[in-house]
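Below is the file coords18.pdb, which contains PDB, C-alpha atoms.
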MODEL        1
ATOM      1  CA  MET A 170      12.920  10.088 -23.092
ATOM      2  CA  THR A 171      10.633   8.412 -20.637
ATOM      3  CA  ALA A 172       7.575  10.558 -20.893
ATOM      4  CA  LEU A 173       4.732  10.651 -18.495
ATOM      5  CA  ALA A 174       2.050   8.399 -19.904
ATOM      6  CA  PRO A 175      -0.722  10.477 -21.388
ATOM      7  CA  GLU A 176      -3.166   8.319 -19.452
ATOM      8  CA  LEU A 177      -1.860   9.779 -16.192
ATOM      9  CA  ALA A 178      -3.232  13.211 -15.496
ATOM     10  CA  GLN A 179      -3.850  15.444 -12.531
ATOM     11  CA  GLN A 180      -7.386  14.097 -12.404
ATOM     12  CA  ASP A 181      -6.091  10.522 -12.043
ATOM     13  CA  LEU A 182      -4.059  11.510  -9.015
ATOM     14  CA  GLU A 183      -7.010  13.323  -7.455
ATOM     15  CA  THR A 184      -9.168  10.255  -8.001
ATOM     16  CA  LEU A 185      -6.585   7.889  -6.520
ATOM     17  CA  VAL A 186      -6.117  10.011  -3.418
ATOM     18  CA  ALA A 187      -9.877  10.373  -2.986
ATOM     19  CA  GLN A 188     -10.272   6.576  -3.229
ATOM     20  CA  VAL A 189      -7.652   5.985  -0.554
ATOM     21  CA  TRP A 190      -9.310   8.500   1.766
ATOM     22  CA  SER A 191     -12.864   7.283   1.191
ATOM     23  CA  THR A 192     -11.778   3.701   1.828
ATOM     24  CA  TYR A 193      -9.528   4.051   4.851
ATOM     25  CA  VAL A 194     -10.294   7.394   6.405
ATOM     26  CA  LEU A 195     -14.061   7.282   5.858
ATOM     27  CA  ASP A 196     -14.046  11.022   5.557
ATOM     28  CA  GLU A 197     -14.414  13.651   2.932
ATOM     29  CA  GLY A 198     -11.341  13.414   0.785
ATOM     30  CA  PRO A 199      -8.710  16.088   0.406
ATOM     31  CA  LEU A 200      -9.737  19.144  -1.543
ATOM     32  CA  PRO A 201      -7.659  21.140  -4.023
ATOM     33  CA  ALA A 202      -5.762  23.935  -2.307
ATOM     34  CA  PRO A 203      -3.582  26.752  -3.527
ATOM     35  CA  PRO A 204       0.152  26.027  -3.357
ATOM     36  CA  ALA A 205       0.538  28.842  -0.853
ATOM     37  CA  SER A 206      -0.934  26.566   1.821
ATOM     38  CA  TRP A 207       2.332  24.627   1.876
ATOM     39  CA  THR A 208       5.500  26.261   3.110
ATOM     40  CA  SER A 209       8.960  24.947   3.792
ATOM     41  CA  ALA A 210       8.354  25.573   7.488
ATOM     42  CA  THR A 211       5.392  23.194   7.665
ATOM     43  CA  PRO A 212       6.329  20.171   9.809
ATOM     44  CA  CYS A 213       5.588  17.142   7.709
ATOM     45  CA  TRP A 214       5.935  13.467   6.984
ATOM     46  CA  SER A 215       6.858  12.339   3.518
ATOM     47  CA  SER A 216       6.851   8.951   1.839
ATOM     48  CA  ALA A 217       7.846   7.827  -1.620
ATOM     49  CA  VAL A 218       7.945   4.771  -3.821
ATOM     50  CA  SER A 219       9.697   4.376  -7.133
ATOM     51  CA  VAL A 220       8.638   2.606 -10.281
ATOM     52  CA  THR A 221      11.460   1.147 -12.337
ATOM     53  CA  GLY A 222      11.195  -0.505 -15.725
ATOM     54  CA  ALA A 223       9.438   0.553 -18.912
ATOM     55  CA  TRP A 224       8.395   3.646 -16.973
ATOM     56  CA  HIS A 225      10.770   5.237 -14.489
ATOM     57  CA  GLY A 226       9.620   7.614 -11.802
ATOM     58  CA  MET A 227       8.899   8.382  -8.189
ATOM     59  CA  ILE A 228       5.591   9.011  -6.454
ATOM     60  CA  ALA A 229       5.800  10.986  -3.216
ATOM     61  CA  VAL A 230       3.152  11.946  -0.673
ATOM     62  CA  ASP A 231       3.915  14.831   1.714
ATOM     63  CA  LEU A 232       1.594  15.286   4.691
ATOM     64  CA  ALA A 233       1.590  18.004   7.311
ATOM     65  CA  GLN A 234       2.366  16.579  10.754
ATOM     66  CA  ASP A 235      -1.229  16.973  11.968
ATOM     67  CA  ALA A 236      -2.584  15.353   8.818
ATOM     68  CA  ALA A 237      -0.201  12.408   9.217
ATOM     69  CA  VAL A 238      -1.319  11.899  12.814
ATOM     70  CA  ALA A 239      -5.007  12.107  11.862
ATOM     71  CA  LEU A 240      -4.477   9.726   8.971
ATOM     72  CA  THR A 241      -2.714   7.197  11.196
ATOM     73  CA  ARG A 242      -5.488   7.390  13.789
ATOM     74  CA  ALA A 243      -8.088   6.779  11.088
ATOM     75  CA  MET A 244      -6.255   3.863   9.500
ATOM     76  CA  LEU A 245      -5.734   2.168  12.870
ATOM     77  CA  ALA A 246      -9.233   3.075  14.149
ATOM     78  CA  MET A 247      -7.693   4.921  17.110
ATOM     79  CA  GLU A 248      -9.498   7.411  19.328
ATOM     80  CA  ASP A 249      -9.019  11.136  18.705
ATOM     81  CA  ASP A 250      -6.999  11.535  21.896
ATOM     82  CA  GLU A 251      -4.708   8.581  21.225
ATOM     83  CA  GLU A 252      -1.196   9.480  20.163
ATOM     84  CA  PRO A 253       0.131   7.162  17.442
ATOM     85  CA  ALA A 254       3.594   5.719  17.945
ATOM     86  CA  ALA A 255       6.268   6.896  15.531
ATOM     87  CA  GLU A 256       6.456   3.433  13.970
ATOM     88  CA  ASP A 257       2.729   3.569  13.239
ATOM     89  CA  LEU A 258       3.125   6.986  11.584
ATOM     90  CA  VAL A 259       5.914   5.588   9.413
ATOM     91  CA  ASP A 260       3.766   2.585   8.562
ATOM     92  CA  ALA A 261       0.597   4.537   7.717
ATOM     93  CA  VAL A 262       2.303   7.290   5.725
ATOM     94  CA  GLY A 263       4.324   4.694   3.823
ATOM     95  CA  GLU A 264       1.221   2.702   3.033
ATOM     96  CA  VAL A 265      -0.479   5.729   1.478
ATOM     97  CA  ALA A 266       2.475   6.230  -0.885
ATOM     98  CA  ASN A 267       2.439   2.503  -1.613
ATOM     99  CA  MET A 268      -1.232   2.580  -2.574
ATOM    100  CA  VAL A 269      -1.033   5.740  -4.663
ATOM    101  CA  GLY A 270       2.218   4.567  -6.285
ATOM    102  CA  GLY A 271       0.892   1.081  -6.979
ATOM    103  CA  ASN A 272      -2.127   2.532  -8.720
ATOM    104  CA  VAL A 273       0.010   4.969 -10.714
ATOM    105  CA  LYS A 274       2.136   2.002 -11.787
ATOM    106  CA  ALA A 275      -1.001   0.343 -13.157
ATOM    107  CA  LEU A 276      -1.707   3.420 -15.309
ATOM    108  CA  VAL A 277       1.701   3.780 -16.954
ATOM    109  CA  PRO A 278       3.447   1.492 -19.443
ATOM    110  CA  GLY A 279       4.895  -1.727 -18.013
ATOM    111  CA  PRO A 280       6.453  -4.025 -17.178
ATOM    112  CA  SER A 281       7.998  -2.382 -14.155
ATOM    113  CA  GLY A 282       8.715  -2.936 -10.497
ATOM    114  CA  LEU A 283       7.506  -1.032  -7.450
ATOM    115  CA  SER A 284       9.847  -0.312  -4.559
ATOM    116  CA  LEU A 285       8.998  -0.553  -0.904
ATOM    117  CA  PRO A 286       8.127   2.854   0.572
ATOM    118  CA  VAL A 287      10.719   5.134   2.095
ATOM    119  CA  VAL A 288       9.492   7.503   4.814
ATOM    120  CA  GLY A 289      11.024  10.671   6.189
ATOM    121  CA  GLN A 290      10.171  13.746   8.235
ATOM    122  CA  SER A 291      10.830  16.286   5.504
ATOM    123  CA  PRO A 292       9.797  16.277   1.841
ATOM    124  CA  LEU A 293      11.837  13.542   0.193
ATOM    125  CA  ALA A 294      14.130  14.975  -2.444
ATOM    126  CA  ALA A 295      14.237  13.430  -5.870
ATOM    127  CA  PRO A 296      17.523  12.320  -7.385
ATOM    128  CA  SER A 297      18.913  14.373 -10.221
ATOM    129  CA  ASP A 298      17.709  12.005 -12.941
ATOM    130  CA  LEU A 299      14.073  12.701 -12.120
ATOM    131  CA  ALA A 300      12.083  15.820 -12.909
ATOM    132  CA  PRO A 301       8.700  16.945 -11.564
ATOM    133  CA  SER A 302       5.804  15.902 -13.803
ATOM    134  CA  LEU A 303       2.743  16.383 -11.656
ATOM    135  CA  CYS A 304       2.162  18.110  -8.336
ATOM    136  CA  LEU A 305      -1.180  17.952  -6.591
ATOM    137  CA  ASP A 306      -1.717  20.397  -3.723
ATOM    138  CA  LEU A 307      -4.608  19.447  -1.474
ATOM    139  CA  THR A 308      -6.076  20.329   1.886
ATOM    140  CA  TRP A 309      -7.526  17.813   4.308
ATOM    141  CA  ASN A 310      -9.093  18.930   7.595
ATOM    142  CA  GLY A 311      -7.300  22.220   7.166
ATOM    143  CA  HIS A 312      -3.906  20.580   6.750
ATOM    144  CA  PRO A 313      -1.828  20.623   3.566
ATOM    145  CA  LEU A 314      -1.175  17.459   1.623
ATOM    146  CA  ARG A 315       0.932  17.208  -1.523
ATOM    147  CA  VAL A 316       1.251  14.383  -4.034
ATOM    148  CA  ARG A 317       4.198  14.550  -6.417
ATOM    149  CA  VAL A 318       5.004  12.470  -9.476
ATOM    150  CA  LEU A 319       8.532  12.732 -10.861
ATOM    151  CA  THR A 320       9.688  11.039 -14.005
ATOM    152  CA  GLY A 321      13.056  10.145 -15.414
ATOM    153  CA  ALA A 322      14.676  11.227 -18.618
ATOM    154  CA  GLY A 323      16.720   8.936 -20.785
ATOM    155  CA  SER A 324      16.672   5.195 -20.415
ATOM    156  CA  SER A 325      14.775   3.272 -17.791
ATOM    157  CA  ALA A 326      18.041   2.512 -15.992
ATOM    158  CA  GLY A 327      18.585   3.838 -12.528
ATOM    159  CA  SER A 328      16.122   4.304  -9.764
ATOM    160  CA  ALA A 329      14.873   6.964  -7.412
ATOM    161  CA  VAL A 330      14.321   4.600  -4.538
ATOM    162  CA  GLU A 331      15.823   1.270  -5.461
ATOM    163  CA  PRO A 332      13.472  -1.690  -5.147
ATOM    164  CA  SER A 333      14.655  -3.239  -1.971
ATOM    165  CA  THR A 334      14.220  -6.278   0.178
ATOM    166  CA  ALA A 335      14.976  -4.201   3.257
ATOM    167  CA  PRO A 336      12.165  -3.555   5.730
ATOM    168  CA  ARG A 337      10.069  -0.419   5.480
ATOM    169  CA  GLN A 338      12.628   2.261   5.983
ATOM    170  CA  GLU A 339      12.463   5.364   8.070
ATOM    171  CA  MET A 340      14.764   8.213   7.071
ATOM    172  CA  LEU A 341      14.914  10.937   9.640
ATOM    173  CA  PRO A 342      16.768  14.179   9.189
TER
ATOM    174  CA  MET B 377     -11.555 -21.257   9.166
ATOM    175  CA  LYS B 378      -8.010 -20.193   9.921
ATOM    176  CA  ILE B 379      -6.792 -17.256   7.809
ATOM    177  CA  LEU B 380      -3.165 -16.122   7.543
ATOM    178  CA  ILE B 381      -2.693 -12.417   6.758
ATOM    179  CA  ALA B 382       0.764 -11.563   5.376
ATOM    180  CA  ASP B 383       1.751  -7.907   5.052
ATOM    181  CA  ASP B 384       4.817  -5.985   6.185
ATOM    182  CA  SER B 385       2.529  -3.122   7.218
ATOM    183  CA  ARG B 386       0.877  -3.573  10.619
ATOM    184  CA  VAL B 387      -1.528  -0.811   9.654
ATOM    185  CA  MET B 388      -2.604  -2.745   6.574
ATOM    186  CA  ARG B 389      -2.949  -6.009   8.512
ATOM    187  CA  GLN B 390      -5.279  -4.194  10.906
ATOM    188  CA  ILE B 391      -7.274  -2.777   7.994
ATOM    189  CA  VAL B 392      -7.577  -6.229   6.403
ATOM    190  CA  ILE B 393      -8.817  -7.658   9.710
ATOM    191  CA  ARG B 394     -11.332  -4.812  10.053
ATOM    192  CA  THR B 395     -12.486  -5.240   6.466
ATOM    193  CA  LEU B 396     -12.982  -8.982   6.944
ATOM    194  CA  ARG B 397     -15.293  -8.154   9.839
ATOM    195  CA  GLN B 398     -17.155  -5.535   7.792
ATOM    196  CA  ALA B 399     -17.513  -8.045   4.961
ATOM    197  CA  GLY B 400     -19.341 -10.445   7.258
ATOM    198  CA  HIS B 401     -16.399 -12.742   7.793
ATOM    199  CA  ALA B 402     -15.882 -12.230  11.514
ATOM    200  CA  GLY B 403     -15.202 -15.205  13.711
ATOM    201  CA  HIS B 404     -12.373 -16.747  11.758
ATOM    202  CA  GLU B 405      -9.132 -17.530  13.511
ATOM    203  CA  LEU B 406      -6.595 -14.993  12.248
ATOM    204  CA  ILE B 407      -2.830 -15.326  12.253
ATOM    205  CA  GLU B 408      -0.317 -12.840  10.860
ATOM    206  CA  ALA B 409       3.014 -12.781   9.053
ATOM    207  CA  GLU B 410       5.276  -9.808   8.324
ATOM    208  CA  ASN B 411       6.786 -11.072   5.064
ATOM    209  CA  GLY B 412       6.664 -13.906   2.564
ATOM    210  CA  ARG B 413       9.222 -16.046   4.312
ATOM    211  CA  GLU B 414       7.289 -15.905   7.571
ATOM    212  CA  ALA B 415       4.103 -16.676   5.646
ATOM    213  CA  VAL B 416       5.658 -19.837   4.180
ATOM    214  CA  GLU B 417       6.800 -20.902   7.639
ATOM    215  CA  LYS B 418       3.360 -20.295   9.143
ATOM    216  CA  VAL B 419       1.579 -22.179   6.369
ATOM    217  CA  ARG B 420       3.755 -25.148   7.286
ATOM    218  CA  SER B 421       3.434 -24.778  11.064
ATOM    219  CA  GLU B 422      -0.124 -23.453  11.407
ATOM    220  CA  ALA B 423      -1.877 -25.036   8.393
ATOM    221  CA  PRO B 424      -4.213 -22.117   7.619
ATOM    222  CA  ASP B 425      -7.227 -22.648   5.355
ATOM    223  CA  LEU B 426      -6.535 -19.451   3.389
ATOM    224  CA  VAL B 427      -3.662 -17.008   2.895
ATOM    225  CA  LEU B 428      -4.290 -13.295   2.225
ATOM    226  CA  SER B 429      -0.968 -11.815   1.183
ATOM    227  CA  ASP B 430       0.536  -8.529   0.129
ATOM    228  CA  TRP B 431       2.697  -8.732  -2.998
ATOM    229  CA  ASN B 432       5.579  -6.381  -2.274
ATOM    230  CA  MET B 433       7.240  -7.311   1.033
ATOM    231  CA  PRO B 434      10.786  -7.418   2.410
ATOM    232  CA  GLU B 435      12.646 -10.715   2.888
ATOM    233  CA  MET B 436      10.386 -12.553   0.440
ATOM    234  CA  THR B 437       7.654 -11.189  -1.820
ATOM    235  CA  GLY B 438       4.168 -12.603  -1.844
ATOM    236  CA  ILE B 439       4.560 -14.114  -5.326
ATOM    237  CA  ASP B 440       7.794 -15.823  -4.278
ATOM    238  CA  ALA B 441       6.034 -17.162  -1.194
ATOM    239  CA  LEU B 442       3.247 -18.572  -3.357
ATOM    240  CA  ASP B 443       5.730 -20.147  -5.766
ATOM    241  CA  THR B 444       7.640 -21.638  -2.825
ATOM    242  CA  LEU B 445       4.470 -23.095  -1.357
ATOM    243  CA  ARG B 446       3.301 -24.589  -4.652
ATOM    244  CA  ALA B 447       6.774 -26.012  -5.359
ATOM    245  CA  SER B 448       6.659 -27.768  -2.004
ATOM    246  CA  GLY B 449       3.259 -29.276  -2.751
ATOM    247  CA  SER B 450       1.062 -26.942  -0.717
ATOM    248  CA  THR B 451      -2.362 -26.319  -2.221
ATOM    249  CA  VAL B 452      -3.532 -23.810   0.400
ATOM    250  CA  PRO B 453      -5.872 -21.257  -1.199
ATOM    251  CA  PHE B 454      -3.829 -18.080  -1.661
ATOM    252  CA  GLY B 455      -5.120 -14.613  -2.535
ATOM    253  CA  PHE B 456      -3.300 -11.334  -2.991
ATOM    254  CA  VAL B 457      -4.236  -8.026  -1.372
ATOM    255  CA  THR B 458      -1.995  -5.514  -3.067
ATOM    256  CA  SER B 459      -1.715  -1.969  -4.348
ATOM    257  CA  GLU B 460      -0.696  -3.364  -7.735
ATOM    258  CA  GLY B 461      -3.754  -4.507  -9.641
ATOM    259  CA  SER B 462      -2.592  -4.308 -13.253
ATOM    260  CA  ASP B 463      -3.557  -6.990 -15.765
ATOM    261  CA  GLU B 464       0.091  -8.069 -15.824
ATOM    262  CA  MET B 465       0.122  -8.683 -12.057
ATOM    263  CA  ARG B 466      -3.229 -10.465 -12.138
ATOM    264  CA  ALA B 467      -2.008 -12.762 -14.911
ATOM    265  CA  ARG B 468       1.190 -13.514 -13.024
ATOM    266  CA  ALA B 469      -0.748 -14.228  -9.831
ATOM    267  CA  ALA B 470      -3.130 -16.562 -11.637
ATOM    268  CA  ALA B 471      -0.267 -18.355 -13.389
ATOM    269  CA  SER B 472       1.304 -19.096 -10.003
ATOM    270  CA  GLY B 473      -1.962 -20.484  -8.665
ATOM    271  CA  ALA B 474      -3.488 -17.557  -6.798
ATOM    272  CA  ALA B 475      -7.225 -17.747  -6.248
ATOM    273  CA  PHE B 476      -7.775 -13.989  -6.538
ATOM    274  CA  LEU B 477      -6.183 -10.560  -6.384
ATOM    275  CA  ILE B 478      -7.828  -7.746  -4.444
ATOM    276  CA  SER B 479      -6.339  -4.353  -5.230
ATOM    277  CA  LYS B 480      -5.876  -1.576  -2.675
ATOM    278  CA  PRO B 481      -7.790   0.491  -1.854
ATOM    279  CA  PHE B 482     -10.428  -2.209  -1.409
ATOM    280  CA  THR B 483     -13.977  -2.485  -0.165
ATOM    281  CA  PRO B 484     -15.679  -5.037   2.111
ATOM    282  CA  GLU B 485     -17.671  -6.114  -0.951
ATOM    283  CA  ALA B 486     -14.476  -7.053  -2.795
ATOM    284  CA  PHE B 487     -13.404  -9.185   0.168
ATOM    285  CA  ASP B 488     -16.798 -10.846   0.469
ATOM    286  CA  GLU B 489     -16.884 -11.720  -3.216
ATOM    287  CA  ALA B 490     -13.378 -13.194  -3.179
ATOM    288  CA  LEU B 491     -13.746 -15.137   0.066
ATOM    289  CA  THR B 492     -17.202 -16.457  -0.699
ATOM    290  CA  GLY B 493     -15.854 -17.864  -3.961
ATOM    291  CA  VAL B 494     -12.921 -19.533  -2.232
ATOM    292  CA  PHE B 495     -15.005 -20.957   0.595
ATOM    293  CA  ALA B 496     -17.558 -22.306  -1.913
ATOM    294  CA  SER B 497     -14.817 -24.077  -3.838
ATOM    295  CA  MET B 498     -13.602 -25.650  -0.576
ATOM    296  CA  GLY B 499     -17.010 -27.229  -0.110
TER
ENDMDL
END
What's the structure tokens form of this structure?
Amino acid sequence: MTALAPELAQQDLETLVAQVWSTYVLDEGPLPAPPASWTSATPCWSSAVSVTGAWHGMIAVDLAQDAAVALTRAMLAMEDDEEPAAEDLVDAVGEVANMVGGNVKALVPGPSGLSLPVVGQSPLAAPSDLAPSLCLDLTWNGHPLRVRVLTGAGSSAGSAVEPSTAPRQEMLP
Amino acid sequence: MKILIADDSRVMRQIVIRTLRQAGHAGHELIEAENGREAVEKVRSEAPDLVLSDWNMPEMTGIDALDTLRASGSTVPFGFVTSEGSDEMRARAAASGAAFLISKPFTPEAFDEALTGVFASMG
């Protein structure tokens, strides 16, 4: 059984997300929000990376559409009325998952590898060999944001999002 | 100084450029690469004074780019800017000849400290 490392707790995820926001968004970080703020009808962007090795899991970041646009504007220092291109949204949302996932990887047992991010326009589903371990529901600027950590059972074989040499990938429904 | 920034994320390349400016290192000539293979090619064609590279990139990773450069005799100062800052990654970077590893998310202070050290060692 590949258990979630005891070092990784809800508080670690909150801290990691707050660090990303304070560094790149220069804004008050996301705040805890009740799960009811997120519904299946919320238009969103989702990105995920997988960690494969001594620890096996997937880290996903789901952002409401408006939050993804605001995040992209902040990361690219764009004006409030500028509309980010779709490729910039993919890039920015993927980079957030990459940063959160890379830092999670540093907190769990190694050695392991980190995949490139996969980005989609609906919450990325986990493969059947992974089960939810942590779920952090947050609100930023009134928009829902969710960070999910899923871990694998059994051996470290297999992968949620295979480490790939392919370019940053956009998966659209 | 000519600095090569290698990252498959355009967003992150822009953030690195902005952070260099905030760290007091504006005015350098900046060139960019989208992966490790392009970084190796640009080190050979553009002769930068410093490489700032992501680790995890398509086509060729940053660590493979560094190993390729060192194997070919290049001694260009090479630092990583990556989301993976574990002791294991730092040790691997150092063993391959990296000058430093800055982990994401980073601050201008982290950039200033790393670059000042590299520039001092260049005389």
For this session: Return as JSON, numbers by chain the set of residues that the PyMOL selection byres ((chain B and resi 415) around 9) yields on the displayed structure.
Result: {"B": [380, 381, 382, 408, 409, 410, 411, 412, 413, 414, 416, 417, 418, 419, 420, 427, 429, 438, 441]}
Keeping only C-alpha atoms, write those residues as a short mmCIF file (atom, residue, chain, number, x, y, z; two decimals), in the coordinates of the input.
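Once everything was written out, this is out_1.cif:
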data_model
loop_
_atom_site.label_atom_id
_atom_site.label_comp_id
_atom_site.auth_asym_id
_atom_site.auth_seq_id
_atom_site.Cartn_x
_atom_site.Cartn_y
_atom_site.Cartn_z
CA LEU B 380 -3.16 -16.12 7.54
CA ILE B 381 -2.69 -12.42 6.76
CA ALA B 382 0.76 -11.56 5.38
CA GLU B 408 -0.32 -12.84 10.86
CA ALA B 409 3.01 -12.78 9.05
CA GLU B 410 5.28 -9.81 8.32
CA ASN B 411 6.79 -11.07 5.06
CA GLY B 412 6.66 -13.91 2.56
CA ARG B 413 9.22 -16.05 4.31
CA GLU B 414 7.29 -15.90 7.57
CA VAL B 416 5.66 -19.84 4.18
CA GLU B 417 6.80 -20.90 7.64
CA LYS B 418 3.36 -20.30 9.14
CA VAL B 419 1.58 -22.18 6.37
CA ARG B 420 3.76 -25.15 7.29
CA VAL B 427 -3.66 -17.01 2.90
CA SER B 429 -0.97 -11.82 1.18
CA GLY B 438 4.17 -12.60 -1.84
CA ALA B 441 6.03 -17.16 -1.19
#
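Comparing B:Arg386, B:Arg397, B:Arg446, B:Lys378 by their smallest distance to chain A, the closest is B:Arg386 (using all atoms listed in the file).
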For this session: Grab the CA of Val262 (chain A) to CA of Val194 (chain A) distance for me, in Å with one decimal place.
Result: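 Spanning CA of Val262 (chain A) to CA of Val194 (chain A) is a straight-line distance of 12.6 Å.
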Fewer than 5 positions away in the same chain doesn't count, so skip those; otherwise give me all residues within 9 Å of region 229-246 of chain A, counting all atoms listed in the file, as a PDB file with C-alpha atoms, in the coordinates of the input.
ATOM      1  CA  TRP A 190      -9.310   8.500   1.766  1.00  0.00           C
ATOM      2  CA  TYR A 193      -9.528   4.051   4.851  1.00  0.00           C
ATOM      3  CA  VAL A 194     -10.294   7.394   6.405  1.00  0.00           C
ATOM      4  CA  LEU A 195     -14.061   7.282   5.858  1.00  0.00           C
ATOM      5  CA  TRP A 207       2.332  24.627   1.876  1.00  0.00           C
ATOM      6  CA  THR A 211       5.392  23.194   7.665  1.00  0.00           C
ATOM      7  CA  PRO A 212       6.329  20.171   9.809  1.00  0.00           C
ATOM      8  CA  CYS A 213       5.588  17.142   7.709  1.00  0.00           C
ATOM      9  CA  TRP A 214       5.935  13.467   6.984  1.00  0.00           C
ATOM     10  CA  SER A 215       6.858  12.339   3.518  1.00  0.00           C
ATOM     11  CA  SER A 216       6.851   8.951   1.839  1.00  0.00           C
ATOM     12  CA  ALA A 217       7.846   7.827  -1.620  1.00  0.00           C
ATOM     13  CA  VAL A 218       7.945   4.771  -3.821  1.00  0.00           C
ATOM     14  CA  SER A 219       9.697   4.376  -7.133  1.00  0.00           C
ATOM     15  CA  GLU A 251      -4.708   8.581  21.225  1.00  0.00           C
ATOM     16  CA  GLU A 252      -1.196   9.480  20.163  1.00  0.00           C
ATOM     17  CA  PRO A 253       0.131   7.162  17.442  1.00  0.00           C
ATOM     18  CA  ASP A 257       2.729   3.569  13.239  1.00  0.00           C
ATOM     19  CA  LEU A 258       3.125   6.986  11.584  1.00  0.00           C
ATOM     20  CA  VAL A 259       5.914   5.588   9.413  1.00  0.00           C
ATOM     21  CA  ASP A 260       3.766   2.585   8.562  1.00  0.00           C
ATOM     22  CA  ALA A 261       0.597   4.537   7.717  1.00  0.00           C
ATOM     23  CA  VAL A 262       2.303   7.290   5.725  1.00  0.00           C
ATOM     24  CA  GLY A 263       4.324   4.694   3.823  1.00  0.00           C
ATOM     25  CA  VAL A 265      -0.479   5.729   1.478  1.00  0.00           C
ATOM     26  CA  ALA A 266       2.475   6.230  -0.885  1.00  0.00           C
ATOM     27  CA  VAL A 269      -1.033   5.740  -4.663  1.00  0.00           C
ATOM     28  CA  GLY A 270       2.218   4.567  -6.285  1.00  0.00           C
ATOM     29  CA  GLN A 290      10.171  13.746   8.235  1.00  0.00           C
ATOM     30  CA  SER A 291      10.830  16.286   5.504  1.00  0.00           C
ATOM     31  CA  PRO A 292       9.797  16.277   1.841  1.00  0.00           C
ATOM     32  CA  LEU A 293      11.837  13.542   0.193  1.00  0.00           C
ATOM     33  CA  TRP A 309      -7.526  17.813   4.308  1.00  0.00           C
ATOM     34  CA  ASN A 310      -9.093  18.930   7.595  1.00  0.00           C
ATOM     35  CA  GLY A 311      -7.300  22.220   7.166  1.00  0.00           C
ATOM     36  CA  HIS A 312      -3.906  20.580   6.750  1.00  0.00           C
ATOM     37  CA  PRO A 313      -1.828  20.623   3.566  1.00  0.00           C
ATOM     38  CA  LEU A 314      -1.175  17.459   1.623  1.00  0.00           C
ATOM     39  CA  ARG A 315       0.932  17.208  -1.523  1.00  0.00           C
ATOM     40  CA  VAL A 316       1.251  14.383  -4.034  1.00  0.00           C
ATOM     41  CA  ARG A 317       4.198  14.550  -6.417  1.00  0.00           C
ATOM     42  CA  VAL A 318       5.004  12.470  -9.476  1.00  0.00           C
ATOM     43  CA  LEU A 319       8.532  12.732 -10.861  1.00  0.00           C
TER      44      LEU A 319
ATOM     45  CA  VAL B 387      -1.528  -0.811   9.654  1.00  0.00           C
ATOM     46  CA  MET B 388      -2.604  -2.745   6.574  1.00  0.00           C
ATOM     47  CA  GLN B 390      -5.279  -4.194  10.906  1.00  0.00           C
ATOM     48  CA  ILE B 391      -7.274  -2.777   7.994  1.00  0.00           C
TER      49      ILE B 391
END
Exercise. Would you list which chain A residues are within 7 Å of chain B using all atoms listed in the file, as a ChimeraX atom specification?
Worked result: /A:188-189,192,244-245,260-261,267-268,271-272,275,285,334-336
Exercise. What lies within 9 Å of region 451-455 of chain B using only C-alpha atoms, ignoring chain neighbours under 5 positions off, as a list in words?
Worked result: Val419, Ala423, Pro424, Asp425, Leu426, Val427, Leu428, Ser429, Asp430, Leu442, Leu445, Arg446, Ala469, Gly473, Ala474, Ala475, Phe476, Leu477, Ile478, Ala490, Val494 and Met498 of chain B
Exercise. Please, which residues are within 10 Å of (3.3, -0.9, -17.8) by the file's coordinates, counting only C-alpha atoms, and could they come as a PyMOL selection string?
Worked result: (chain A and resi 174+220+222-224+273-282) or (chain B and resi 462-464)
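Note that the spacing between CA of Gly403 (chain B) and CA of Ser497 (chain B) amounts to 19.7 Å.
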Please, can region 279-285 of chain A be completed to N, CA, C and O atoms and returned as a short mmCIF file (atom, residue, chain, number, x, y, z; two decimals), in the frame of the given file?
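Saved result, result-v2.cif, follows:
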data_model
loop_
_atom_site.label_atom_id
_atom_site.label_comp_id
_atom_site.auth_asym_id
_atom_site.auth_seq_id
_atom_site.Cartn_x
_atom_site.Cartn_y
_atom_site.Cartn_z
N GLY A 279 4.11 -0.73 -18.73
CA GLY A 279 4.89 -1.73 -18.01
C GLY A 279 5.70 -2.54 -19.02
O GLY A 279 5.68 -2.24 -20.22
N PRO A 280 6.39 -3.58 -18.56
CA PRO A 280 6.45 -4.03 -17.18
C PRO A 280 7.40 -3.16 -16.35
O PRO A 280 8.31 -2.55 -16.88
N SER A 281 7.15 -3.15 -15.05
CA SER A 281 8.00 -2.38 -14.16
C SER A 281 7.86 -2.95 -12.75
O SER A 281 6.99 -3.76 -12.49
N GLY A 282 8.75 -2.50 -11.88
CA GLY A 282 8.72 -2.94 -10.50
C GLY A 282 8.43 -1.77 -9.58
O GLY A 282 8.75 -0.62 -9.91
N LEU A 283 7.84 -2.06 -8.44
CA LEU A 283 7.51 -1.03 -7.45
C LEU A 283 8.38 -1.24 -6.22
O LEU A 283 8.47 -2.37 -5.71
N SER A 284 9.00 -0.19 -5.74
CA SER A 284 9.85 -0.31 -4.56
C SER A 284 9.00 -0.34 -3.29
O SER A 284 7.82 0.01 -3.31
N LEU A 285 9.62 -0.74 -2.21
CA LEU A 285 9.00 -0.55 -0.90
C LEU A 285 9.04 0.94 -0.57
O LEU A 285 9.91 1.66 -1.06
#
